[in-house]
$ cat upload21.txt   # compact mmCIF, C-alpha atoms and all ligand atoms
# COMPACT_ATOMS: atom_id res chain seq x y z
CA MET A 1 85.56 89.28 91.94
CA PRO A 2 84.21 86.44 94.00
CA GLU A 3 80.89 86.72 95.71
CA HIS A 4 81.03 88.24 99.18
CA GLY A 5 81.81 91.83 100.02
CA HIS A 6 84.49 91.61 102.67
CA GLY A 7 84.87 94.82 104.55
CA HIS A 8 81.15 95.17 104.77
CA HIS A 9 80.41 94.78 108.42
CA GLY A 10 76.65 94.69 108.39
CA HIS A 11 74.50 97.38 109.90
CA GLY A 12 75.56 99.44 112.86
CA GLY A 13 79.14 98.12 112.67
CA GLN A 14 78.12 94.74 114.06
CA MET A 15 79.62 91.67 112.47
CA THR A 16 77.81 88.38 112.39
CA PRO A 17 79.85 85.36 113.56
CA GLU A 18 80.00 84.23 109.93
CA GLN A 19 81.39 87.61 108.83
CA GLN A 20 83.91 87.48 111.66
CA ARG A 21 85.06 84.04 110.60
CA GLN A 22 85.46 85.19 106.99
CA MET A 23 87.42 88.23 108.09
CA ILE A 24 89.79 86.19 110.20
CA GLU A 25 90.30 83.69 107.40
CA GLN A 26 91.07 86.51 105.04
CA GLU A 27 93.67 87.92 107.45
CA ILE A 28 95.30 84.50 107.56
CA ARG A 29 95.44 84.29 103.76
CA LEU A 30 96.88 87.80 103.64
CA ALA A 31 99.62 86.96 106.12
CA LYS A 32 100.41 83.75 104.25
CA ASN A 33 100.60 85.33 100.79
CA LEU A 34 102.53 88.42 101.86
CA GLY A 35 104.76 86.35 104.12
CA GLN A 36 106.46 84.92 101.05
CA ILE A 37 107.58 88.34 99.85
CA LYS A 38 110.93 89.75 100.94
CA HIS A 39 110.44 93.43 100.15
CA LYS A 40 107.30 95.47 99.61
CA ILE A 41 107.26 98.95 98.12
CA VAL A 42 104.06 101.01 98.04
CA VAL A 43 104.02 103.75 95.41
CA MET A 44 101.80 106.74 96.23
CA SER A 45 100.94 110.21 95.05
CA GLY A 46 98.60 112.99 96.08
CA LYS A 47 97.14 113.26 92.61
CA GLY A 48 96.53 111.22 89.52
CA GLY A 49 98.49 112.04 86.42
CA VAL A 50 101.88 112.63 88.05
CA GLY A 51 103.35 109.38 86.76
CA LYS A 52 102.77 107.09 89.74
CA SER A 53 101.82 104.07 87.64
CA THR A 54 104.60 104.80 85.16
CA VAL A 55 107.16 104.87 87.97
CA ALA A 56 105.73 101.73 89.60
CA ALA A 57 105.75 99.79 86.31
CA ASN A 58 109.27 100.87 85.38
CA ILE A 59 110.70 100.07 88.80
CA ALA A 60 109.05 96.65 88.72
CA GLU A 61 110.35 95.78 85.24
CA THR A 62 113.81 97.12 86.08
CA LEU A 63 113.98 95.00 89.25
CA GLN A 64 112.87 91.95 87.27
CA ALA A 65 115.52 92.65 84.62
CA MET A 66 118.15 92.99 87.36
CA GLY A 67 117.39 89.40 88.31
CA TYR A 68 114.97 89.91 91.18
CA ASN A 69 111.80 87.85 91.25
CA THR A 70 109.27 90.65 91.16
CA GLY A 71 105.52 91.24 91.22
CA ILE A 72 103.38 94.32 90.72
CA LEU A 73 99.97 94.83 92.26
CA ASP A 74 97.79 97.43 90.61
CA ALA A 75 95.58 98.55 93.51
CA ASP A 76 94.07 101.43 91.55
CA ILE A 77 90.59 100.02 91.09
CA HIS A 78 89.22 103.01 89.15
CA GLY A 79 92.01 103.37 86.63
CA PRO A 80 93.79 100.03 86.56
CA ASN A 81 96.26 100.75 83.76
CA ILE A 82 99.33 98.84 84.87
CA PRO A 83 98.53 95.83 82.61
CA LYS A 84 98.28 98.09 79.58
CA MET A 85 101.60 99.77 80.40
CA LEU A 86 103.23 96.35 80.67
CA GLY A 87 101.57 94.90 77.58
CA VAL A 88 99.69 92.18 79.47
CA ASN A 89 96.19 92.71 78.26
CA MET A 90 93.72 90.21 79.57
CA LEU A 91 90.05 90.58 80.36
CA GLU A 92 87.79 88.56 82.61
CA GLU A 93 87.07 85.63 80.31
CA GLU A 94 90.68 84.98 79.37
CA PHE A 95 91.80 85.61 82.96
CA ASN A 96 89.39 82.95 84.20
CA LYS A 97 90.86 80.44 81.76
CA TYR A 98 94.32 81.50 82.93
CA GLN A 99 93.24 80.85 86.53
CA PHE A 100 91.98 77.42 85.65
CA ASP A 101 95.25 76.52 83.90
CA ALA A 102 97.35 77.86 86.77
CA PHE A 103 95.37 75.76 89.22
CA LYS A 104 95.62 72.71 86.98
CA ASN A 105 99.40 73.09 86.85
CA ILE A 106 99.60 73.13 90.64
CA VAL A 107 97.47 70.02 90.94
CA GLU A 108 99.28 68.09 88.20
CA LYS A 109 102.65 68.91 89.71
CA ASP A 110 101.78 67.19 93.00
CA LEU A 111 99.23 64.59 92.02
CA ASP A 112 100.35 61.02 92.51
CA MET A 113 98.99 59.22 89.46
CA THR A 114 99.63 55.81 90.96
CA LEU A 115 96.99 56.42 93.64
CA PRO A 116 93.55 54.86 93.18
CA GLN A 117 90.95 57.04 91.44
CA ASP A 118 89.03 58.01 94.56
CA GLU A 119 92.22 59.02 96.37
CA GLN A 120 93.19 61.20 93.42
CA GLN A 121 89.73 62.75 93.53
CA LYS A 122 90.14 63.50 97.23
CA PHE A 123 93.51 65.11 96.59
CA ILE A 124 92.04 67.35 93.89
CA GLN A 125 89.18 68.35 96.17
CA ALA A 126 91.59 69.23 98.95
CA LYS A 127 93.54 71.44 96.54
CA GLN A 128 90.33 73.06 95.39
CA GLU A 129 89.55 73.90 99.00
CA GLU A 130 93.08 75.18 99.61
CA TYR A 131 93.04 77.48 96.57
CA LYS A 132 89.36 78.38 96.76
CA HIS A 133 90.07 82.09 97.14
CA SER A 134 93.35 82.29 95.24
CA MET A 135 93.94 84.52 92.28
CA PHE A 136 97.04 83.72 90.28
CA PRO A 137 98.99 86.68 88.88
CA VAL A 138 99.54 86.97 85.15
CA VAL A 139 103.16 86.47 84.15
CA ALA A 140 104.50 89.01 81.62
CA SER A 141 107.05 88.00 78.99
CA SER A 142 109.85 89.29 81.22
CA GLY A 143 108.73 87.01 84.04
CA LEU A 144 107.24 89.90 86.03
CA LYS A 145 104.04 88.85 87.83
CA VAL A 146 101.09 91.19 87.47
CA MET A 147 97.77 91.45 89.30
CA SER A 148 95.17 94.10 88.56
CA MET A 149 91.48 94.86 88.73
CA ALA A 150 91.74 95.21 84.95
CA PHE A 151 91.80 91.39 84.73
CA LEU A 152 88.51 91.11 86.59
CA ILE A 153 86.34 93.24 84.35
CA ASP A 154 84.82 92.48 80.98
CA SER A 155 85.53 95.79 79.29
CA LEU A 156 88.14 98.51 79.74
CA ASP A 157 85.92 101.17 78.21
CA ARG A 158 83.21 101.24 80.82
CA PRO A 159 83.82 102.96 84.13
CA ILE A 160 83.97 100.62 87.09
CA ILE A 161 81.37 101.77 89.57
CA TRP A 162 82.19 100.96 93.17
CA ARG A 163 79.99 101.85 96.04
CA GLY A 164 81.07 102.41 99.62
CA PRO A 165 82.54 99.37 101.33
CA GLN A 166 82.76 97.36 98.09
CA LYS A 167 85.75 99.46 97.20
CA THR A 168 87.93 98.67 100.18
CA GLY A 169 86.65 95.08 100.08
CA ALA A 170 87.88 94.66 96.52
CA ILE A 171 91.27 96.18 97.31
CA LYS A 172 91.66 94.05 100.39
CA GLN A 173 90.82 90.97 98.37
CA LEU A 174 93.42 91.80 95.70
CA ILE A 175 96.01 92.01 98.46
CA SER A 176 94.97 89.00 100.53
CA ASP A 177 94.18 86.51 97.79
CA CYS A 178 96.81 86.96 95.13
CA HIS A 179 98.98 83.87 95.12
CA TRP A 180 102.40 85.36 94.29
CA GLY A 181 104.55 82.52 95.52
CA LYS A 182 108.05 83.54 96.60
CA LEU A 183 109.05 87.05 95.56
CA ASP A 184 112.03 89.31 96.17
CA PHE A 185 109.99 92.44 95.52
CA LEU A 186 106.35 93.40 95.34
CA ILE A 187 105.57 96.86 94.01
CA ILE A 188 102.10 98.16 94.85
CA ASP A 189 100.58 100.95 92.76
CA ASN A 190 98.35 102.66 95.32
CA PRO A 191 95.33 104.73 94.30
CA PRO A 192 96.07 108.48 94.57
CA GLY A 193 95.23 110.69 97.51
CA THR A 194 94.52 110.18 101.19
CA GLY A 195 91.10 108.50 101.04
CA ASP A 196 89.77 105.12 102.06
CA GLU A 197 91.45 103.27 99.21
CA PRO A 198 95.12 104.17 99.73
CA LEU A 199 94.49 103.85 103.47
CA THR A 200 93.25 100.28 103.06
CA VAL A 201 96.42 99.38 101.18
CA LEU A 202 98.67 100.86 103.87
CA GLN A 203 96.71 99.17 106.65
CA SER A 204 96.95 95.82 104.87
CA ILE A 205 100.71 96.19 104.35
CA PRO A 206 101.90 97.80 107.57
CA ASP A 207 105.37 96.30 107.17
CA ALA A 208 106.14 97.92 103.81
CA ASP A 209 109.88 98.51 103.41
CA LEU A 210 109.20 101.78 101.69
CA VAL A 211 106.39 104.14 100.81
CA LEU A 212 107.51 105.85 97.65
CA MET A 213 105.93 109.24 96.95
CA VAL A 214 105.83 110.47 93.38
CA THR A 215 105.46 114.17 92.71
CA THR A 216 105.86 116.53 89.81
CA PRO A 217 107.62 119.84 90.41
CA ASN A 218 104.37 121.81 90.61
CA VAL A 219 103.38 123.35 93.90
CA VAL A 220 99.92 121.80 93.69
CA SER A 221 101.29 118.28 93.33
CA GLN A 222 103.75 118.94 96.15
CA GLU A 223 101.02 120.16 98.47
CA ASP A 224 99.05 116.99 97.90
CA VAL A 225 102.11 114.83 98.45
CA LEU A 226 102.72 116.63 101.73
CA LYS A 227 99.25 115.53 102.88
CA CYS A 228 100.06 111.94 101.86
CA VAL A 229 103.32 112.06 103.79
CA LYS A 230 101.45 113.31 106.86
CA MET A 231 98.94 110.49 106.57
CA VAL A 232 101.64 107.85 106.23
CA GLU A 233 103.50 109.29 109.21
CA MET A 234 100.31 109.22 111.25
CA MET A 235 100.21 105.49 110.58
CA ASN A 236 103.65 105.20 112.08
CA ILE A 237 105.32 104.23 108.83
CA LYS A 238 108.71 105.90 108.82
CA ASN A 239 110.31 104.71 105.60
CA ILE A 240 109.22 107.31 103.09
CA GLY A 241 111.02 108.32 99.91
CA LEU A 242 110.41 110.86 97.17
CA ILE A 243 110.85 110.74 93.41
CA GLU A 244 110.35 113.88 91.39
CA ASN A 245 108.93 112.95 88.01
CA MET A 246 108.99 115.21 84.94
CA ALA A 247 111.62 117.27 86.72
CA TYR A 248 113.64 118.32 83.68
CA TYR A 249 113.82 118.07 79.93
CA ILE A 250 116.69 117.01 77.72
CA CYS A 251 116.80 118.93 74.47
CA PRO A 252 116.66 116.33 71.70
CA HIS A 253 118.77 118.57 69.44
CA CYS A 254 121.67 119.62 71.63
CA GLY A 255 121.35 117.23 74.58
CA GLU A 256 121.29 120.09 77.05
CA LYS A 257 119.51 119.45 80.34
CA LEU A 258 116.83 122.05 80.90
CA ASN A 259 115.68 122.49 84.49
CA ILE A 260 112.31 123.96 83.60
CA PHE A 261 111.26 124.19 87.24
CA GLY A 262 114.57 125.10 88.76
CA GLU A 263 117.46 123.01 89.98
CA GLY A 264 117.16 120.75 93.05
CA ASN A 265 113.47 121.40 93.53
CA GLY A 266 112.58 117.84 94.56
CA GLU A 267 115.59 117.49 96.82
CA LYS A 268 114.66 120.66 98.69
CA PHE A 269 111.08 119.51 99.02
CA ALA A 270 112.12 116.12 100.44
CA GLU A 271 114.40 117.88 102.89
CA GLU A 272 111.56 120.10 104.08
CA MET A 273 109.37 117.06 104.69
CA GLU A 274 112.27 115.19 106.29
CA ILE A 275 111.89 112.22 103.98
CA THR A 276 114.49 110.54 101.77
CA TYR A 277 115.07 111.97 98.32
CA LEU A 278 115.59 109.15 95.83
CA GLY A 279 116.05 110.98 92.55
CA ASP A 280 114.34 112.66 89.65
CA LEU A 281 113.18 111.66 86.19
CA PRO A 282 113.07 113.68 83.00
CA ILE A 283 110.00 114.33 80.96
CA GLU A 284 110.71 112.10 77.99
CA GLU A 285 108.92 110.60 75.07
CA SER A 286 110.40 107.20 75.87
CA VAL A 287 108.67 107.23 79.27
CA SER A 288 105.33 108.43 77.99
CA ASP A 289 102.71 106.16 76.57
CA ALA A 290 102.66 108.09 73.30
CA PRO A 291 100.23 106.41 70.89
CA ASN A 292 102.97 105.37 68.49
CA LYS A 293 104.76 103.25 71.07
CA ASP A 294 103.93 99.77 72.26
CA SER A 295 105.68 99.98 75.60
CA ALA A 296 106.36 102.82 78.04
CA ILE A 297 108.94 100.73 79.83
CA SER A 298 112.65 101.23 79.38
CA ILE A 299 114.82 98.53 80.86
CA LEU A 300 118.54 98.30 81.47
CA ASP A 301 119.75 100.23 78.48
CA PRO A 302 122.98 101.94 79.56
CA ASP A 303 122.62 104.47 76.74
CA ASP A 304 119.16 105.50 77.81
CA GLU A 305 118.92 108.32 80.34
CA VAL A 306 115.62 107.15 81.83
CA SER A 307 116.69 103.55 82.08
CA LYS A 308 119.87 104.63 83.86
CA ARG A 309 117.83 106.77 86.22
CA PHE A 310 115.63 103.87 87.27
CA VAL A 311 118.67 101.72 88.04
CA GLU A 312 120.13 104.58 90.10
CA ILE A 313 116.86 105.00 91.97
CA ILE A 314 116.74 101.28 92.78
CA GLU A 315 120.35 101.36 94.01
CA GLU A 316 119.43 104.33 96.18
CA ILE A 317 116.39 102.47 97.57
CA LYS A 318 118.54 99.46 98.40
CA LYS A 319 121.15 101.61 100.10
CA GLU A 320 118.69 103.74 102.10
CA PHE A 321 116.03 101.22 103.04
CA LEU A 322 117.03 97.62 102.49
CA GLU A 323 120.58 97.28 103.79
N1 LIG A 401 108.59 111.20 82.87
C1 LIG A 401 107.59 111.20 81.99
N2 LIG A 401 107.79 111.67 80.72
C2 LIG A 401 106.77 111.68 79.84
N3 LIG A 401 105.53 111.23 80.08
C3 LIG A 401 105.28 110.76 81.32
C4 LIG A 401 106.28 110.70 82.33
N4 LIG A 401 105.74 110.17 83.44
C5 LIG A 401 104.45 109.88 83.15
N5 LIG A 401 104.16 110.23 81.88
C6 LIG A 401 102.86 110.14 81.20
O1 LIG A 401 101.92 110.89 81.95
C7 LIG A 401 100.66 110.24 81.99
C8 LIG A 401 100.25 109.97 83.43
O2 LIG A 401 101.11 109.00 83.99
P1 LIG A 401 100.58 107.85 84.96
O3 LIG A 401 101.74 107.02 85.29
O4 LIG A 401 99.40 107.18 84.37
O5 LIG A 401 100.13 108.74 86.21
P2 LIG A 401 99.33 108.34 87.54
O6 LIG A 401 99.45 106.88 87.75
O7 LIG A 401 100.00 109.16 88.59
O8 LIG A 401 97.92 108.79 87.31
C9 LIG A 401 100.81 108.98 81.17
O9 LIG A 401 100.35 109.22 79.88
C10 LIG A 401 102.32 108.73 81.19
O10 LIG A 401 102.76 108.03 80.06
MG MG A 402 97.88 105.42 87.76
$ encode --input "upload21.txt" --output "structure tokens" --more "lines below"
Ligand SMILES: Nc1ncnc2c1ncn2[C@@H]1O[C@H](COP(=O)(O)OP(=O)(O)O)[C@@H](O)[C@H]1O
Ligand SMILES: [Mg+2]
Amino acid sequence: MPEHGHGHHGHGGQMTPEQQRQMIEQEIRLAKNLGQIKHKIVVMSGKGGVGKSTVAANIAETLQAMGYNTGILDADIHGPNIPKMLGVNMLEEEFNKYQFDAFKNIVEKDLDMTLPQDEQQKFIQAKQEEYKHSMFPVVASSGLKVMSMAFLIDSLDRPIIWRGPQKTGAIKQLISDCHWGKLDFLIIDNPPGTGDEPLTVLQSIPDADLVLMVTTPNVVSQEDVLKCVKMVEMMNIKNIGLIENMAYYICPHCGEKLNIFGEGNGEKFAEEMEITYLGDLPIEESVSDAPNKDSAISILDPDDEVSKRFVEIIEEIKKEFLE
């Protein structure tokens, strides 16, 4: 992460003129970068472990496979595991090289080699200034663009320790400074709960097309989702949908669908909260990140139940929120 802690407003809530200028500049970068994105979907949950990242990653890859130019922003700064799920593993050192190459490509594309040396130098300097804050997303083999805190650390084994305002500053920076280019969809994997971190994401993306809640059928998960829904509604965001993950199990021997938690549980819950029910997902080895598998992502396989489900969920999202 670059040097200054945005979001830190000095003592007593007073901002120095320099801090004010930086904040305004950051807002401008945010508007510029997000302005190139047609649709933004924020994925949320009350708790960790309900499959929020799994759902976000699968929806992003499915959209990309359907032909949409898609990006995914992993805003979970404590457990940034989207890159691992997508098989784009890159740590700080390699990411920095990647940044340098991405910048070089931009410069070389537009640099007029017939100009005199000093003019060329000036052009390069101007580009350096323009992209001073930019972070370029990592492009997965599918073409999906990925940005995550995981790229900005030097080891995945150590916990990332964030204190106070650093946290929201880092999240804000991921959102404002990622240079996505033009996208049809950006999926944002929000940190769980109703704290400062998910709030920062929602405040930075007030025009999200959809806030997608992920729950499991358990009462405890549902109660926490209810709190999330209330928070989102308090922010005047009205487009809220629900996916029930791990809702049922398909017997691998006989193919029978087993509604372990009862039929229509998620649908009822969405109805109670007066939000849009978008579908459920089975508990399935193909979705899990079981150690013997290299990818937890299932894309556009008409014979695969989970893959079909994700396509159905995306069609439902388009119908309910984007048309
Ligand atoms: N439908 C599912 N079937 C099987 N395993 C799942 C399913 N959804 C998620 N998982 C597994 O559950 C664990 C938690 O999922 P994850 O997406 O990391 O949750 P969160 O982001 O909400 O903390 C992961 O190991 C993931 O592979
Ligand atoms: Mg997660």
$ residues_near_ligand --input "upload21.txt" --ligand "ligand LIG 401 (chain A)" --cutoff "6 Å" --atoms "all atoms listed in the file" --output "list in words"
Gly48, Gly49, Val50, Gly51, Lys52, Ser53, Thr54, Asn245, Met246, Leu281, Pro282, Ile283, Glu284, Glu285, Val287, Ser288 and Asp289 of chain A
$ atom_distance --input "upload21.txt" --atom1 "atom CA of Ile175 of chain A" --atom2 "atom CA of Ala208 of chain A"
12.9 Å
$ residues_near_point --input "upload21.txt" --point "(106.5, 94.1, 78.8)" --cutoff "8 Å" --atoms "only C-alpha atoms" --output "short mmCIF file (atom, residue, chain, number, x, y, z; two decimals) with C-alpha atoms, in the frame of the given file"
data_model
loop_
_atom_site.label_atom_id
_atom_site.label_comp_id
_atom_site.auth_asym_id
_atom_site.auth_seq_id
_atom_site.Cartn_x
_atom_site.Cartn_y
_atom_site.Cartn_z
CA GLU A 61 110.35 95.78 85.24
CA MET A 85 101.60 99.77 80.40
CA LEU A 86 103.23 96.35 80.67
CA GLY A 87 101.57 94.90 77.58
CA VAL A 88 99.69 92.18 79.47
CA ALA A 140 104.50 89.01 81.62
CA SER A 141 107.05 88.00 78.99
CA SER A 142 109.85 89.29 81.22
CA SER A 295 105.68 99.98 75.60
CA ILE A 297 108.94 100.73 79.83
#
$ atom_distance --input "upload21.txt" --atom1 "atom CA of Asp154 of chain A" --atom2 "atom CA of His78 of chain A"
14.0 Å
$ closest_atom_pairs --input "upload21.txt" --of "chain A" --to "ligand MG 402 (chain A)" --cutoff "12 Å" --atoms "all atoms listed in the file" --output "JSON lines"
{"residue": "A:Val43", "atom": "CA", "partner": "A:MG402", "partner_atom": "MG", "distance": 10.0}
{"residue": "A:Met44", "atom": "CA", "partner": "A:MG402", "partner_atom": "MG", "distance": 9.4}
{"residue": "A:Ser45", "atom": "CA", "partner": "A:MG402", "partner_atom": "MG", "distance": 9.2}
{"residue": "A:Gly46", "atom": "CA", "partner": "A:MG402", "partner_atom": "MG", "distance": 11.3}
{"residue": "A:Lys47", "atom": "CA", "partner": "A:MG402", "partner_atom": "MG", "distance": 9.2}
{"residue": "A:Gly48", "atom": "CA", "partner": "A:MG402", "partner_atom": "MG", "distance": 6.2}
{"residue": "A:Gly49", "atom": "CA", "partner": "A:MG402", "partner_atom": "MG", "distance": 6.8}
{"residue": "A:Val50", "atom": "CA", "partner": "A:MG402", "partner_atom": "MG", "distance": 8.3}
{"residue": "A:Gly51", "atom": "CA", "partner": "A:MG402", "partner_atom": "MG", "distance": 6.8}
{"residue": "A:Lys52", "atom": "CA", "partner": "A:MG402", "partner_atom": "MG", "distance": 5.5}
{"residue": "A:Ser53", "atom": "CA", "partner": "A:MG402", "partner_atom": "MG", "distance": 4.2}
{"residue": "A:Thr54", "atom": "CA", "partner": "A:MG402", "partner_atom": "MG", "distance": 7.2}
{"residue": "A:Val55", "atom": "CA", "partner": "A:MG402", "partner_atom": "MG", "distance": 9.3}
{"residue": "A:Ala56", "atom": "CA", "partner": "A:MG402", "partner_atom": "MG", "distance": 8.9}
{"residue": "A:Ala57", "atom": "CA", "partner": "A:MG402", "partner_atom": "MG", "distance": 9.8}
{"residue": "A:Leu73", "atom": "CA", "partner": "A:MG402", "partner_atom": "MG", "distance": 11.7}
{"residue": "A:Asp74", "atom": "CA", "partner": "A:MG402", "partner_atom": "MG", "distance": 8.5}
{"residue": "A:Ala75", "atom": "CA", "partner": "A:MG402", "partner_atom": "MG", "distance": 9.2}
{"residue": "A:Asp76", "atom": "CA", "partner": "A:MG402", "partner_atom": "MG", "distance": 6.7}
{"residue": "A:Ile77", "atom": "CA", "partner": "A:MG402", "partner_atom": "MG", "distance": 9.7}
{"residue": "A:His78", "atom": "CA", "partner": "A:MG402", "partner_atom": "MG", "distance": 9.1}
{"residue": "A:Gly79", "atom": "CA", "partner": "A:MG402", "partner_atom": "MG", "distance": 6.3}
{"residue": "A:Pro80", "atom": "CA", "partner": "A:MG402", "partner_atom": "MG", "distance": 6.9}
{"residue": "A:Asn81", "atom": "CA", "partner": "A:MG402", "partner_atom": "MG", "distance": 6.4}
{"residue": "A:Ile82", "atom": "CA", "partner": "A:MG402", "partner_atom": "MG", "distance": 7.3}
{"residue": "A:Pro83", "atom": "CA", "partner": "A:MG402", "partner_atom": "MG", "distance": 10.9}
{"residue": "A:Lys84", "atom": "CA", "partner": "A:MG402", "partner_atom": "MG", "distance": 11.0}
{"residue": "A:Met85", "atom": "CA", "partner": "A:MG402", "partner_atom": "MG", "distance": 10.0}
{"residue": "A:Ser148", "atom": "CA", "partner": "A:MG402", "partner_atom": "MG", "distance": 11.7}
{"residue": "A:Ile188", "atom": "CA", "partner": "A:MG402", "partner_atom": "MG", "distance": 11.0}
{"residue": "A:Asp189", "atom": "CA", "partner": "A:MG402", "partner_atom": "MG", "distance": 7.2}
{"residue": "A:Asn190", "atom": "CA", "partner": "A:MG402", "partner_atom": "MG", "distance": 8.1}
{"residue": "A:Pro191", "atom": "CA", "partner": "A:MG402", "partner_atom": "MG", "distance": 7.1}
{"residue": "A:Pro192", "atom": "CA", "partner": "A:MG402", "partner_atom": "MG", "distance": 7.7}
{"residue": "A:Gly193", "atom": "CA", "partner": "A:MG402", "partner_atom": "MG", "distance": 11.4}
{"residue": "A:Val214", "atom": "CA", "partner": "A:MG402", "partner_atom": "MG", "distance": 11.0}
$ atom_distance --input "upload21.txt" --atom1 "atom CA of Lys319 of chain A" --atom2 "atom CA of His39 of chain A"
13.5 Å
$ residues_around --input "upload21.txt" --residues "Tyr131 of chain A" --least-positions-apart "6" --cutoff "10 Å" --atoms "all atoms listed in the file" --output "ChimeraX atom specification"
/A:103,106,125,177,179
$ write_last_selection --input "upload21.txt" --atoms "C-alpha atoms" --output "PDB file, keeping the file's coordinate frame"
ATOM      1  CA  PHE A 103      95.370  75.760  89.220  1.00  0.00           C
ATOM      2  CA  ILE A 106      99.600  73.130  90.640  1.00  0.00           C
ATOM      3  CA  GLN A 125      89.180  68.350  96.170  1.00  0.00           C
ATOM      4  CA  ASP A 177      94.180  86.510  97.790  1.00  0.00           C
ATOM      5  CA  HIS A 179      98.980  83.870  95.120  1.00  0.00           C
TER       6      HIS A 179
END
$ build_atoms --input "upload21.txt" --residues "segment 125-144 of chain A" --atoms "N, CA and C atoms" --output "PDB file, in the coordinates of the input"
ATOM      1  N   GLN A 125      90.149  67.581  95.375  1.00  0.00           N
ATOM      2  CA  GLN A 125      89.180  68.350  96.170  1.00  0.00           C
ATOM      3  C   GLN A 125      89.861  69.148  97.280  1.00  0.00           C
ATOM      4  N   ALA A 126      90.859  68.530  97.892  1.00  0.00           N
ATOM      5  CA  ALA A 126      91.590  69.230  98.950  1.00  0.00           C
ATOM      6  C   ALA A 126      92.297  70.457  98.382  1.00  0.00           C
ATOM      7  N   LYS A 127      92.870  70.300  97.197  1.00  0.00           N
ATOM      8  CA  LYS A 127      93.540  71.440  96.540  1.00  0.00           C
ATOM      9  C   LYS A 127      92.538  72.527  96.181  1.00  0.00           C
ATOM     10  N   GLN A 128      91.375  72.084  95.721  1.00  0.00           N
ATOM     11  CA  GLN A 128      90.330  73.060  95.390  1.00  0.00           C
ATOM     12  C   GLN A 128      89.964  73.890  96.614  1.00  0.00           C
ATOM     13  N   GLU A 129      89.872  73.219  97.751  1.00  0.00           N
ATOM     14  CA  GLU A 129      89.550  73.900  99.000  1.00  0.00           C
ATOM     15  C   GLU A 129      90.684  74.871  99.360  1.00  0.00           C
ATOM     16  N   GLU A 130      91.919  74.365  99.242  1.00  0.00           N
ATOM     17  CA  GLU A 130      93.080  75.180  99.610  1.00  0.00           C
ATOM     18  C   GLU A 130      93.168  76.458  98.764  1.00  0.00           C
ATOM     19  N   TYR A 131      92.880  76.340  97.487  1.00  0.00           N
ATOM     20  CA  TYR A 131      93.040  77.480  96.570  1.00  0.00           C
ATOM     21  C   TYR A 131      91.718  78.153  96.215  1.00  0.00           C
ATOM     22  N   LYS A 132      90.709  77.886  97.028  1.00  0.00           N
ATOM     23  CA  LYS A 132      89.360  78.380  96.760  1.00  0.00           C
ATOM     24  C   LYS A 132      89.331  79.890  96.484  1.00  0.00           C
ATOM     25  N   HIS A 133      90.112  80.636  97.254  1.00  0.00           N
ATOM     26  CA  HIS A 133      90.070  82.090  97.140  1.00  0.00           C
ATOM     27  C   HIS A 133      91.201  82.645  96.267  1.00  0.00           C
ATOM     28  N   SER A 134      92.124  81.774  95.861  1.00  0.00           N
ATOM     29  CA  SER A 134      93.350  82.290  95.240  1.00  0.00           C
ATOM     30  C   SER A 134      93.115  82.897  93.866  1.00  0.00           C
ATOM     31  N   MET A 135      93.837  83.988  93.627  1.00  0.00           N
ATOM     32  CA  MET A 135      93.940  84.520  92.280  1.00  0.00           C
ATOM     33  C   MET A 135      95.412  84.419  91.891  1.00  0.00           C
ATOM     34  N   PHE A 136      95.659  83.882  90.705  1.00  0.00           N
ATOM     35  CA  PHE A 136      97.040  83.720  90.280  1.00  0.00           C
ATOM     36  C   PHE A 136      97.430  84.899  89.394  1.00  0.00           C
ATOM     37  N   PRO A 137      98.586  85.524  89.683  1.00  0.00           N
ATOM     38  CA  PRO A 137      98.990  86.680  88.880  1.00  0.00           C
ATOM     39  C   PRO A 137      99.323  86.263  87.447  1.00  0.00           C
ATOM     40  N   VAL A 138      99.191  87.219  86.543  1.00  0.00           N
ATOM     41  CA  VAL A 138      99.540  86.970  85.150  1.00  0.00           C
ATOM     42  C   VAL A 138     101.032  87.220  84.973  1.00  0.00           C
ATOM     43  N   VAL A 139     101.717  86.324  84.316  1.00  0.00           N
ATOM     44  CA  VAL A 139     103.160  86.470  84.150  1.00  0.00           C
ATOM     45  C   VAL A 139     103.468  87.129  82.803  1.00  0.00           C
ATOM     46  N   ALA A 140     104.125  88.289  82.849  1.00  0.00           N
ATOM     47  CA  ALA A 140     104.500  89.010  81.620  1.00  0.00           C
ATOM     48  C   ALA A 140     105.676  88.289  80.952  1.00  0.00           C
ATOM     49  N   SER A 141     105.994  88.691  79.729  1.00  0.00           N
ATOM     50  CA  SER A 141     107.050  88.000  78.990  1.00  0.00           C
ATOM     51  C   SER A 141     108.398  88.081  79.692  1.00  0.00           C
ATOM     52  N   SER A 142     108.594  89.131  80.472  1.00  0.00           N
ATOM     53  CA  SER A 142     109.850  89.290  81.220  1.00  0.00           C
ATOM     54  C   SER A 142     109.921  88.365  82.431  1.00  0.00           C
ATOM     55  N   GLY A 143     108.769  87.807  82.815  1.00  0.00           N
ATOM     56  CA  GLY A 143     108.730  87.010  84.040  1.00  0.00           C
ATOM     57  C   GLY A 143     108.089  87.777  85.197  1.00  0.00           C
ATOM     58  N   LEU A 144     107.887  89.067  85.003  1.00  0.00           N
ATOM     59  CA  LEU A 144     107.240  89.900  86.030  1.00  0.00           C
ATOM     60  C   LEU A 144     105.794  89.429  86.241  1.00  0.00           C
TER      61      LEU A 144
END
